[in-house]
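Colleague: I'm passing along model-v5.txt; it holds compact mmCIF, C-alpha atoms.
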```txt
# COMPACT_ATOMS: atom_id res chain seq x y z
CA PHE A 29 41.84 -114.83 -138.22
CA ALA A 30 38.15 -115.04 -139.02
CA LYS A 31 35.55 -113.08 -137.15
CA LYS A 32 32.91 -114.97 -135.18
CA GLY A 33 30.46 -113.01 -133.04
CA ARG A 34 32.28 -110.73 -130.59
CA GLY A 35 35.48 -112.78 -130.58
CA TYR A 36 37.90 -114.37 -133.01
CA PHE A 37 38.93 -117.86 -133.85
CA MET A 38 41.61 -119.37 -136.07
CA ASP A 39 40.91 -121.76 -138.87
CA TYR A 40 42.11 -125.26 -137.94
CA ARG A 41 44.72 -125.18 -140.74
CA CYS A 42 46.40 -122.05 -139.30
CA PHE A 43 48.24 -124.06 -136.65
CA GLY A 44 51.53 -124.18 -138.57
CA LYS A 45 51.55 -120.39 -139.04
CA ILE A 46 51.12 -119.39 -135.39
CA LYS A 47 54.05 -117.23 -134.24
CA ASN A 48 53.49 -116.45 -130.56
CA CYS A 49 51.94 -117.63 -127.32
CA SER A 50 48.90 -115.35 -127.45
CA GLN A 51 47.94 -116.60 -130.92
CA MET A 52 48.34 -120.21 -129.77
CA ILE A 53 46.13 -119.55 -126.73
CA GLU A 54 43.46 -118.06 -128.96
CA TYR A 55 43.78 -120.97 -131.38
CA PHE A 56 42.97 -123.47 -128.62
CA ASP A 57 40.15 -121.43 -127.11
CA ASP A 58 37.05 -123.66 -127.08
CA ARG A 59 38.61 -125.99 -129.69
CA HIS A 60 37.93 -128.96 -127.41
CA PHE A 61 34.24 -128.71 -128.31
CA ARG A 62 34.75 -128.51 -132.08
CA HIS A 63 35.64 -132.12 -132.91
CA SER A 64 33.15 -134.23 -134.81
CA LYS A 65 33.59 -137.28 -132.54
CA TYR A 66 35.06 -138.18 -129.12
CA PHE A 67 36.15 -141.69 -128.13
CA HIS A 68 37.08 -143.71 -125.05
CA TYR A 69 38.79 -147.06 -125.78
CA SER A 70 38.88 -149.82 -123.19
CA SER A 71 38.16 -153.50 -122.52
CA LEU A 72 34.66 -154.94 -122.80
CA GLU A 73 34.51 -155.37 -119.04
CA ASN A 74 35.43 -151.73 -118.39
CA ILE A 75 33.04 -150.31 -120.97
CA ASN A 76 30.19 -152.43 -119.62
CA SER A 77 31.01 -151.20 -116.10
CA ILE A 78 31.05 -147.56 -117.28
CA LEU A 79 27.60 -147.99 -118.83
CA GLU A 80 26.21 -149.78 -115.75
CA SER A 81 27.39 -147.05 -113.38
CA ASN A 82 26.80 -144.15 -115.81
CA GLU A 83 30.23 -142.76 -115.02
CA PHE A 84 33.83 -142.45 -116.11
CA TRP A 85 36.65 -142.23 -113.57
CA LEU A 86 39.41 -139.65 -113.53
CA GLY A 87 42.70 -140.97 -112.16
CA GLN A 88 45.40 -139.30 -110.07
CA VAL A 89 48.25 -138.00 -112.21
CA LYS A 90 50.77 -139.70 -109.91
CA ARG A 91 49.78 -142.94 -111.65
CA PHE A 92 50.61 -141.71 -115.17
CA ASN A 93 52.96 -143.92 -117.18
CA ASP A 94 54.75 -140.82 -118.54
CA SER A 95 56.79 -138.95 -115.91
CA ASN A 96 57.17 -135.91 -118.20
CA ASP A 97 53.39 -135.63 -118.27
CA SER A 98 52.87 -136.05 -114.52
CA GLU A 99 55.70 -133.63 -113.64
CA GLN A 100 53.87 -130.65 -115.16
CA PHE A 101 51.38 -130.86 -112.28
CA ASP A 102 52.22 -129.35 -108.89
CA ASP A 103 51.03 -132.38 -106.88
CA GLY A 104 50.35 -135.89 -108.13
CA ASN A 105 47.79 -136.54 -105.40
CA ARG A 106 45.50 -133.54 -105.82
CA ASN A 107 45.41 -133.50 -109.64
CA PHE A 108 43.15 -135.83 -111.64
CA SER A 109 42.79 -136.45 -115.36
CA LEU A 110 40.62 -138.21 -117.93
CA CYS A 111 41.21 -138.13 -121.69
CA PHE A 112 39.05 -138.74 -124.73
CA SER A 113 40.44 -139.25 -128.22
CA SER A 114 39.07 -137.12 -131.05
CA GLY A 115 38.87 -137.82 -134.76
CA ILE A 116 36.70 -139.53 -137.33
CA ASN A 117 38.41 -142.86 -138.05
CA GLU A 118 39.12 -145.76 -135.71
CA ASN A 119 42.50 -145.47 -134.01
CA LEU A 120 44.23 -148.87 -134.29
CA PRO A 121 47.03 -148.10 -131.78
CA LEU A 122 44.38 -147.23 -129.18
CA TRP A 123 42.59 -150.52 -129.85
CA TYR A 124 45.91 -152.27 -129.32
CA PHE A 125 46.91 -150.47 -126.10
CA TYR A 126 43.52 -150.15 -124.39
CA GLY A 127 41.37 -152.96 -125.78
CA GLY A 128 42.44 -155.42 -123.10
CA ILE A 129 44.82 -158.35 -123.09
CA SER A 130 42.50 -160.54 -125.19
CA GLY A 131 41.96 -157.79 -127.77
CA GLN A 132 38.18 -157.98 -127.28
CA GLY A 133 37.82 -154.31 -126.49
CA ASP A 134 35.13 -151.74 -126.92
CA ARG A 135 34.84 -148.03 -127.63
CA ILE A 136 32.37 -145.46 -126.37
CA SER A 137 31.86 -142.58 -128.79
CA PHE A 138 30.08 -139.23 -128.59
CA THR A 139 29.04 -136.79 -131.27
CA LYS A 140 30.16 -133.18 -130.82
CA ALA A 141 26.81 -132.00 -129.44
CA LYS A 142 26.34 -134.99 -127.13
CA PHE A 143 29.87 -134.77 -125.73
CA LYS A 144 29.39 -131.09 -124.85
CA THR A 145 26.02 -131.80 -123.22
CA PHE A 146 27.45 -134.80 -121.35
CA TYR A 147 30.36 -132.74 -120.00
CA GLU A 148 28.28 -129.72 -119.03
CA ASN A 149 25.69 -131.83 -117.17
CA ALA A 150 28.07 -134.24 -115.45
CA LYS A 151 28.63 -134.27 -111.70
CA PHE A 152 31.97 -135.14 -110.12
CA TYR A 153 32.66 -137.12 -106.94
CA LEU A 154 35.98 -137.76 -105.16
CA PHE A 155 36.42 -141.12 -103.43
CA PRO A 156 39.16 -143.52 -102.24
CA GLU A 157 39.64 -146.67 -104.34
CA SER A 158 37.06 -149.42 -103.74
CA LYS A 159 34.96 -147.05 -101.59
CA ARG A 160 32.66 -145.35 -104.08
CA ASN A 161 30.06 -144.87 -101.32
CA GLU A 162 32.48 -142.63 -99.39
CA SER A 163 32.40 -139.81 -101.93
CA ILE A 164 32.65 -136.03 -101.77
CA GLU A 165 31.00 -133.96 -104.49
CA ILE A 166 33.42 -131.86 -106.53
CA THR A 167 32.25 -128.36 -107.41
CA GLU A 168 33.85 -125.09 -108.47
CA ASN A 169 33.95 -124.20 -104.77
CA ASN A 170 36.40 -126.95 -103.83
CA ALA A 171 38.25 -127.62 -107.09
CA SER A 172 39.31 -126.26 -110.47
CA ILE A 173 37.59 -128.11 -113.33
CA LYS A 174 39.04 -127.56 -116.81
CA ILE A 175 38.82 -129.10 -120.25
CA SER A 176 41.14 -128.50 -123.20
CA ASP A 177 42.83 -130.27 -126.10
CA VAL A 178 46.33 -131.59 -125.48
CA LEU A 179 49.25 -130.00 -127.33
CA TYR A 180 52.20 -132.30 -128.12
CA PHE A 181 55.78 -131.04 -128.25
CA LYS A 182 59.46 -131.88 -128.70
CA GLU A 183 62.35 -129.59 -127.84
CA ASP A 184 65.18 -130.20 -130.29
CA GLU A 185 68.68 -129.65 -128.88
CA ASN A 186 70.46 -130.73 -132.05
CA ALA A 187 73.44 -128.43 -132.74
CA ASN A 188 72.18 -127.71 -136.25
CA ARG A 189 68.69 -126.82 -135.03
CA LYS A 190 69.44 -125.33 -131.64
CA ASN A 191 66.39 -124.79 -129.48
CA GLU A 192 63.91 -125.58 -132.23
CA ILE A 193 60.46 -126.45 -130.88
CA GLN A 194 58.33 -128.98 -132.71
CA LEU A 195 54.65 -128.66 -131.82
CA LYS A 196 52.08 -131.13 -133.07
CA TYR A 197 48.30 -131.00 -132.94
CA ASN A 198 46.37 -133.80 -134.63
CA ASN A 199 48.17 -134.06 -137.99
CA LEU A 200 49.49 -130.49 -138.09
CA THR A 201 52.99 -129.30 -137.13
CA ASN A 202 54.38 -125.93 -136.04
CA TYR A 203 58.12 -125.12 -136.10
CA ILE A 204 57.73 -121.34 -135.89
CA LEU A 205 57.13 -120.72 -132.18
CA LYS A 206 60.33 -119.43 -130.52
CA PRO A 207 61.68 -120.96 -127.28
CA GLU A 208 60.76 -117.93 -125.17
CA GLU A 209 57.17 -118.00 -126.52
CA PHE A 210 57.05 -121.74 -125.93
CA GLN A 211 57.93 -121.27 -122.24
CA LEU A 212 55.06 -118.81 -121.89
CA LEU A 213 52.77 -121.31 -123.57
CA LYS A 214 53.87 -124.14 -121.24
CA ASN A 215 52.88 -122.02 -118.25
CA HIS A 216 49.49 -121.23 -119.74
CA LYS A 217 48.68 -124.79 -120.90
CA LYS A 218 50.09 -126.51 -117.83
CA GLY A 219 48.34 -129.85 -117.51
CA PHE A 220 47.55 -129.99 -121.23
CA MET A 221 51.04 -130.57 -122.71
CA LYS A 222 52.52 -133.96 -123.60
CA SER A 223 55.51 -135.45 -125.36
CA ILE A 224 55.17 -135.66 -129.13
CA ALA A 225 55.46 -139.45 -128.80
CA TRP A 226 51.78 -139.50 -127.81
CA PHE A 227 50.37 -137.25 -130.55
CA TYR A 228 48.53 -140.14 -132.26
CA GLU A 229 46.11 -140.20 -129.29
CA LYS A 230 44.65 -136.78 -130.22
CA GLU A 231 43.44 -136.14 -126.70
CA THR A 232 40.87 -133.86 -125.18
CA ARG A 233 41.68 -133.81 -121.46
CA ILE A 234 39.48 -133.13 -118.45
CA HIS A 235 41.66 -131.92 -115.56
CA ILE A 236 40.50 -131.43 -111.98
CA ARG A 237 42.72 -129.89 -109.28
CA LEU A 238 41.49 -130.03 -105.70
CA ASN A 239 41.76 -126.82 -103.66
CA ASP A 240 43.86 -126.71 -100.48
CA GLU A 241 41.07 -127.56 -98.08
CA LEU A 242 39.91 -130.64 -99.99
CA ALA A 243 43.47 -131.72 -100.83
CA LYS A 244 44.20 -131.99 -97.08
CA LYS A 245 41.69 -134.84 -96.91
CA ILE A 246 43.73 -136.93 -99.35
CA ASP A 247 45.61 -139.83 -97.72
CA LYS A 248 48.79 -139.99 -99.82
CA SER A 249 49.20 -143.69 -99.07
CA LYS A 250 45.91 -144.44 -100.87
CA VAL A 251 44.69 -144.25 -104.46
CA TYR A 252 41.78 -141.93 -105.24
CA HIS A 253 39.47 -141.44 -108.21
CA ILE A 254 36.97 -138.83 -109.29
CA ALA A 255 33.77 -140.20 -110.80
CA MET A 256 32.31 -138.23 -113.70
CA HIS A 257 28.64 -139.16 -113.38
CA CYS A 258 25.58 -138.54 -115.54
CA ASP A 259 21.97 -139.68 -115.16
CA ASP A 260 21.85 -141.89 -118.25
CA LEU A 261 25.02 -142.39 -120.29
CA SER A 262 23.15 -144.43 -122.90
CA LYS A 263 21.44 -141.20 -124.07
CA TYR A 264 24.79 -139.83 -125.23
CA ALA A 265 26.97 -142.79 -126.15
CA SER A 266 27.38 -145.09 -129.12
CA ILE A 267 29.39 -148.32 -128.98
CA THR A 268 31.91 -149.86 -131.39
CA PHE A 269 33.48 -153.28 -130.83
CA ALA A 270 37.18 -153.93 -131.36
CA PRO A 271 38.36 -155.55 -134.63
CA ASN A 272 38.70 -158.96 -132.93
CA ILE A 273 34.94 -159.16 -132.42
CA THR A 274 33.12 -160.47 -135.49
CA LYS A 275 29.44 -160.85 -136.32
CA ASP A 276 29.25 -164.50 -135.29
CA MET A 277 30.52 -163.55 -131.79
CA LEU A 278 28.03 -160.73 -131.27
CA ASN A 279 25.18 -162.62 -129.58
CA LYS A 280 27.44 -164.09 -126.90
CA ILE A 281 29.22 -160.76 -126.31
CA LEU A 282 25.90 -158.97 -125.80
CA LYS A 283 24.59 -161.74 -123.54
CA ASP A 284 27.68 -161.47 -121.32
CA ASN A 285 27.63 -157.64 -121.18
CA LYS A 286 24.13 -156.56 -120.19
CA ALA A 287 24.70 -152.79 -120.18
CA ILE A 288 26.04 -152.91 -123.74
CA GLU A 289 23.15 -155.18 -124.75
CA GLU A 290 20.69 -152.67 -123.32
CA ILE A 291 22.01 -149.92 -125.62
CA TYR A 292 21.90 -152.34 -128.54
CA LEU A 293 18.26 -153.24 -127.88
CA LYS A 294 17.20 -149.70 -127.02
CA ASN A 295 18.56 -147.73 -129.96
CA SER A 296 20.89 -149.95 -132.06
CA ARG A 297 23.83 -147.59 -131.45
CA VAL A 298 26.18 -150.58 -131.28
CA GLN A 299 28.28 -151.62 -134.24
CA LEU A 300 31.23 -153.74 -135.31
CA SER A 301 34.62 -152.25 -136.13
CA GLU A 302 35.24 -151.34 -139.75
CA TYR A 303 38.31 -153.60 -139.41
CA ASN A 304 36.44 -156.60 -137.98
CA GLY A 305 37.81 -159.87 -139.29
CA SER A 306 40.77 -158.20 -141.00
CA VAL A 307 42.83 -156.88 -138.06
CA TYR A 308 43.58 -159.06 -135.05
CA PHE A 309 44.97 -158.00 -131.66
CA ASN A 310 45.71 -160.48 -128.88
CA LEU A 311 48.37 -159.62 -126.32
CA LYS A 312 47.48 -162.75 -124.36
CA ASP A 313 48.77 -164.99 -127.14
CA LYS A 314 52.01 -163.01 -127.36
CA LEU A 315 52.53 -163.23 -123.61
CA CYS A 316 51.90 -166.96 -123.68
CA ASP A 317 54.35 -167.39 -126.56
CA ASN A 318 57.01 -165.53 -124.59
CA CYS A 319 56.29 -167.61 -121.48
CA ASN A 320 56.64 -170.83 -123.48
CA LYS A 321 59.93 -169.70 -124.99
CA PHE A 322 61.19 -168.82 -121.50
CA LYS A 323 60.21 -172.27 -120.21
CA GLU A 324 61.97 -173.94 -123.14
CA LYS A 325 65.19 -172.06 -122.36
CA LYS A 326 65.02 -173.12 -118.71
```
Would you write out, as structure tokens, the structure that this file holds?
Modeller:
Amino acid sequence: FAKKGRGYFMDYRCFGKIKNCSQMIEYFDDRHFRHSKYFHYSSLENINSILESNEFWLGQVKRFNDSNDSEQFDDGNRNFSLCFSSGINENLPLWYFYGGISGQGDRISFTKAKFKTFYENAKFYLFPESKRNESIEITENNASIKISDVLYFKEDENANRKNEIQLKYNNLTNYILKPEEFQLLKNHKKGFMKSIAWFYEKETRIHIRLNDELAKKIDKSKVYHIAMHCDDLSKYASITFAPNITKDMLNKILKDNKAIEEIYLKNSRVQLSEYNGSVYFNLKDKLCDNCNKFKEKK
């Protein structure tokens, strides 16, 4: 431990030496605001829409593609989540999975200071899908609003390593925490635990849980979102294009995406990927290849 003001914090590298739940809780305290950069990967269309509206959307956890993740929440309708990836370097798997079917994706990034300011000044609004004008403001009076880094885990039931817990955080691993301490930790970090299969995403998660009164207004047959809104997102964000987008494509991309172009013209915080021209993602081509092979077989 190292002393800092009236409290304590653990050095980042101490993760593998943590022995109990209380130490792990202290380790994660406020760590979500200590990363150098925060990223949101998506398609060009989505990123342009985010910049136009000055808001991100949190989704209901019932729509998660990982049932182990969604099952840690008490109700898939009243719990909402939005994740940002942390790190320094570009994350190629995230480009691949979230950059869109054509591979012409985009990435919004925040510095540490700007992400904290953006989060602390954001306003939240609940609304049914396609009806953004029918929104209810989310406050601490009608919901719980939390932010924390995600901890990734795997419970090993191998006979030779009975009940061993593998915990992963960024590129660090902890095998020391005992099963009973791990159960305590799962209760404390409920909503911020995921399978180790996802550790490469290095997520900082915003989690909102509606209180009973507001949750009663949810129609379970519908899909809802929570908008995370700020006055001017361009003040905080920088933009990086996916590797598929090269310099000779830039003028057309900017012309077709006015909100991204506005940031480019205003402050030049728009840049090409460090992998541009050398890494190529295109799920559309792969899908078309598979469709053609299927037709040939028929």
Colleague: What are the nearest atom pairs, with distances in Å to one decimal, for all residues of segment 71-125 of chain A that come at most 7 Å from segment 249-271 of chain A, using only C-alpha atoms, set out by chain and rising residue number as a tab-separated table?
Modeller:
```
residue	atom	partner	partner_atom	distance
A:Leu79	CA	A:Leu261	CA	6.3
A:Asn82	CA	A:Leu261	CA	5.1
A:Glu83	CA	A:His257	CA	4.3
A:Phe84	CA	A:Met256	CA	5.1
A:Trp85	CA	A:Ala255	CA	4.5
A:Leu86	CA	A:Ile254	CA	5.0
A:Gly87	CA	A:His253	CA	5.1
A:Gln88	CA	A:His253	CA	6.6
A:Trp123	CA	A:Ala270	CA	6.6
```
Colleague: When you draw a straight line from atom CA of Glu209 of chain A to atom CA of Trp226 of chain A, how long is it in Å?
Modeller: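 These two atoms are separated by 22.2 Å.
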Colleague: Quick one: of A:Ser301, A:Ser223, A:Asn74, A:Asn279, who's nearest to Tyr197 of chain A, counting all atoms listed in the file?
Modeller: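 Of all the options, A:Ser223 lies closest to Tyr197 of chain A.
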Colleague: Please measure the separation of atom CA of Asp97 of chain A and atom CA of Ser163 of chain A, giving the value in Å to one decimal.
Modeller: 26.9 Å
Colleague: When distances are computed from all atoms listed in the file, which of A:Ser130, A:Asn96, A:Asn272, A:Ala150 shows the smallest separation from Lys312 of chain A?
Modeller: A:Ser130
Colleague: Would you mind telling me which residue in A:Ile273, A:Phe210, A:Ser114, A:Leu293 lies nearest to Ser306 of chain A when using all atoms listed in the file?
Modeller: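 Using all atoms listed in the file, Ser306 of chain A sits closest to A:Ile273.
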Colleague: Would you pick out the contacts of Ala287 of chain A at 8 Å or less, using all atoms listed in the file, so that residues sharing its chain but fewer than 3 positions from it are not included, and give the list as an MDAnalysis selection string?
Modeller: chainID A and resid 76:77 79:80 290:291
Colleague: My list of candidates is A:Ser176, A:Thr167, A:Ser71, A:Ser81. Which is closest to Met221 of chain A when distances are computed with only C-alpha atoms?
Modeller: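 That would be A:Ser176, the residue with the smallest distance to Met221 of chain A.
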Colleague: Which value, in Å to one decimal, gives the distance between atom CA of His63 of chain A and atom CA of Lys174 of chain A?
Modeller: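 Atom CA of Lys174 of chain A lies 17.1 Å from atom CA of His63 of chain A.
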Colleague: Return the single residue from A:Glu185, A:Glu73, A:Glu148, A:Glu208 that is closest to Lys47 of chain A, with distances computed using all atoms listed in the file.
Modeller: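 The answer is A:Glu208, which sits nearest to Lys47 of chain A.
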Colleague: As a list in words, please: the residues near Ile46 of chain A (cut-off 8 Å, all atoms listed in the file, same-chain neighbours under 6 positions excluded).
Modeller: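 Here the answer would be Met52, Asn202, Ile204 and Leu205 of chain A.
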Colleague: What's the 10 Å shell around Lys248 of chain A, counting all atoms listed in the file, without same-chain residues fewer than 4 positions away, as number ranges by chain?
Modeller: A: 104-106, 243-244, 252
Colleague: For each of A:Phe155, A:His216, A:His60, A:Lys222, take the minimum atom-to-atom distance to Phe92 of chain A, counting all atoms listed in the file, then give the residue where this is smallest.
Modeller: A:Lys222
Colleague: Go ahead and find all residues with at least one atom no further than 7 Å from (55.0, -133.5, -132.8) in the file's coordinates, using all atoms listed in the file; report them as a PDB file with C-alpha atoms, keeping the file's coordinate frame.
Modeller:
```pdb
ATOM      1  CA  TYR A 180      52.200-132.300-128.120  1.00  0.00           C
ATOM      2  CA  PHE A 181      55.780-131.040-128.250  1.00  0.00           C
ATOM      3  CA  LYS A 182      59.460-131.880-128.700  1.00  0.00           C
ATOM      4  CA  GLN A 194      58.330-128.980-132.710  1.00  0.00           C
ATOM      5  CA  LEU A 195      54.650-128.660-131.820  1.00  0.00           C
ATOM      6  CA  LYS A 196      52.080-131.130-133.070  1.00  0.00           C
ATOM      7  CA  THR A 201      52.990-129.300-137.130  1.00  0.00           C
ATOM      8  CA  ILE A 224      55.170-135.660-129.130  1.00  0.00           C
ATOM      9  CA  PHE A 227      50.370-137.250-130.550  1.00  0.00           C
TER      10      PHE A 227
END
```
Colleague: Once 8 Å is added on each side, what are the centre and the three edge lengths, in Å to one decimal, of the axis-aligned box enclosing the listed atoms of segment 85-90 of chain A? Present them as lines of an AutoDock Vina configuration file.
Modeller:
```
center_x = 43.7
center_y = -140.1
center_z = -111.7
size_x = 30.1
size_y = 20.2
size_z = 19.7
```
Colleague: Glu118 of chain A: which residues within 12 Å, counting only C-alpha atoms, same-chain residues fewer than 5 positions away excluded, as a ChimeraX atom specification?
Modeller: /A:65-69,113,123-124,134-137,228-230,268-271,300-304,307
Colleague: Would you mind listing what lies within 12 Å of Tyr55 of chain A as a list in words, with only C-alpha atoms counted and same-chain residues fewer than 4 positions away left out?
Modeller: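 Within the cut-off, the hits are Phe29, Ala30, Gly35, Tyr36, Phe37, Met38, Asp39, Tyr40, Arg41, Cys42, Phe43, Gly44, Lys45, Ile46, Lys47, Asn48, Cys49, Ser50, Gln51, Arg59, His60, Arg62, Ser176, Asp177, Leu179, Tyr197 and Leu213 of chain A.
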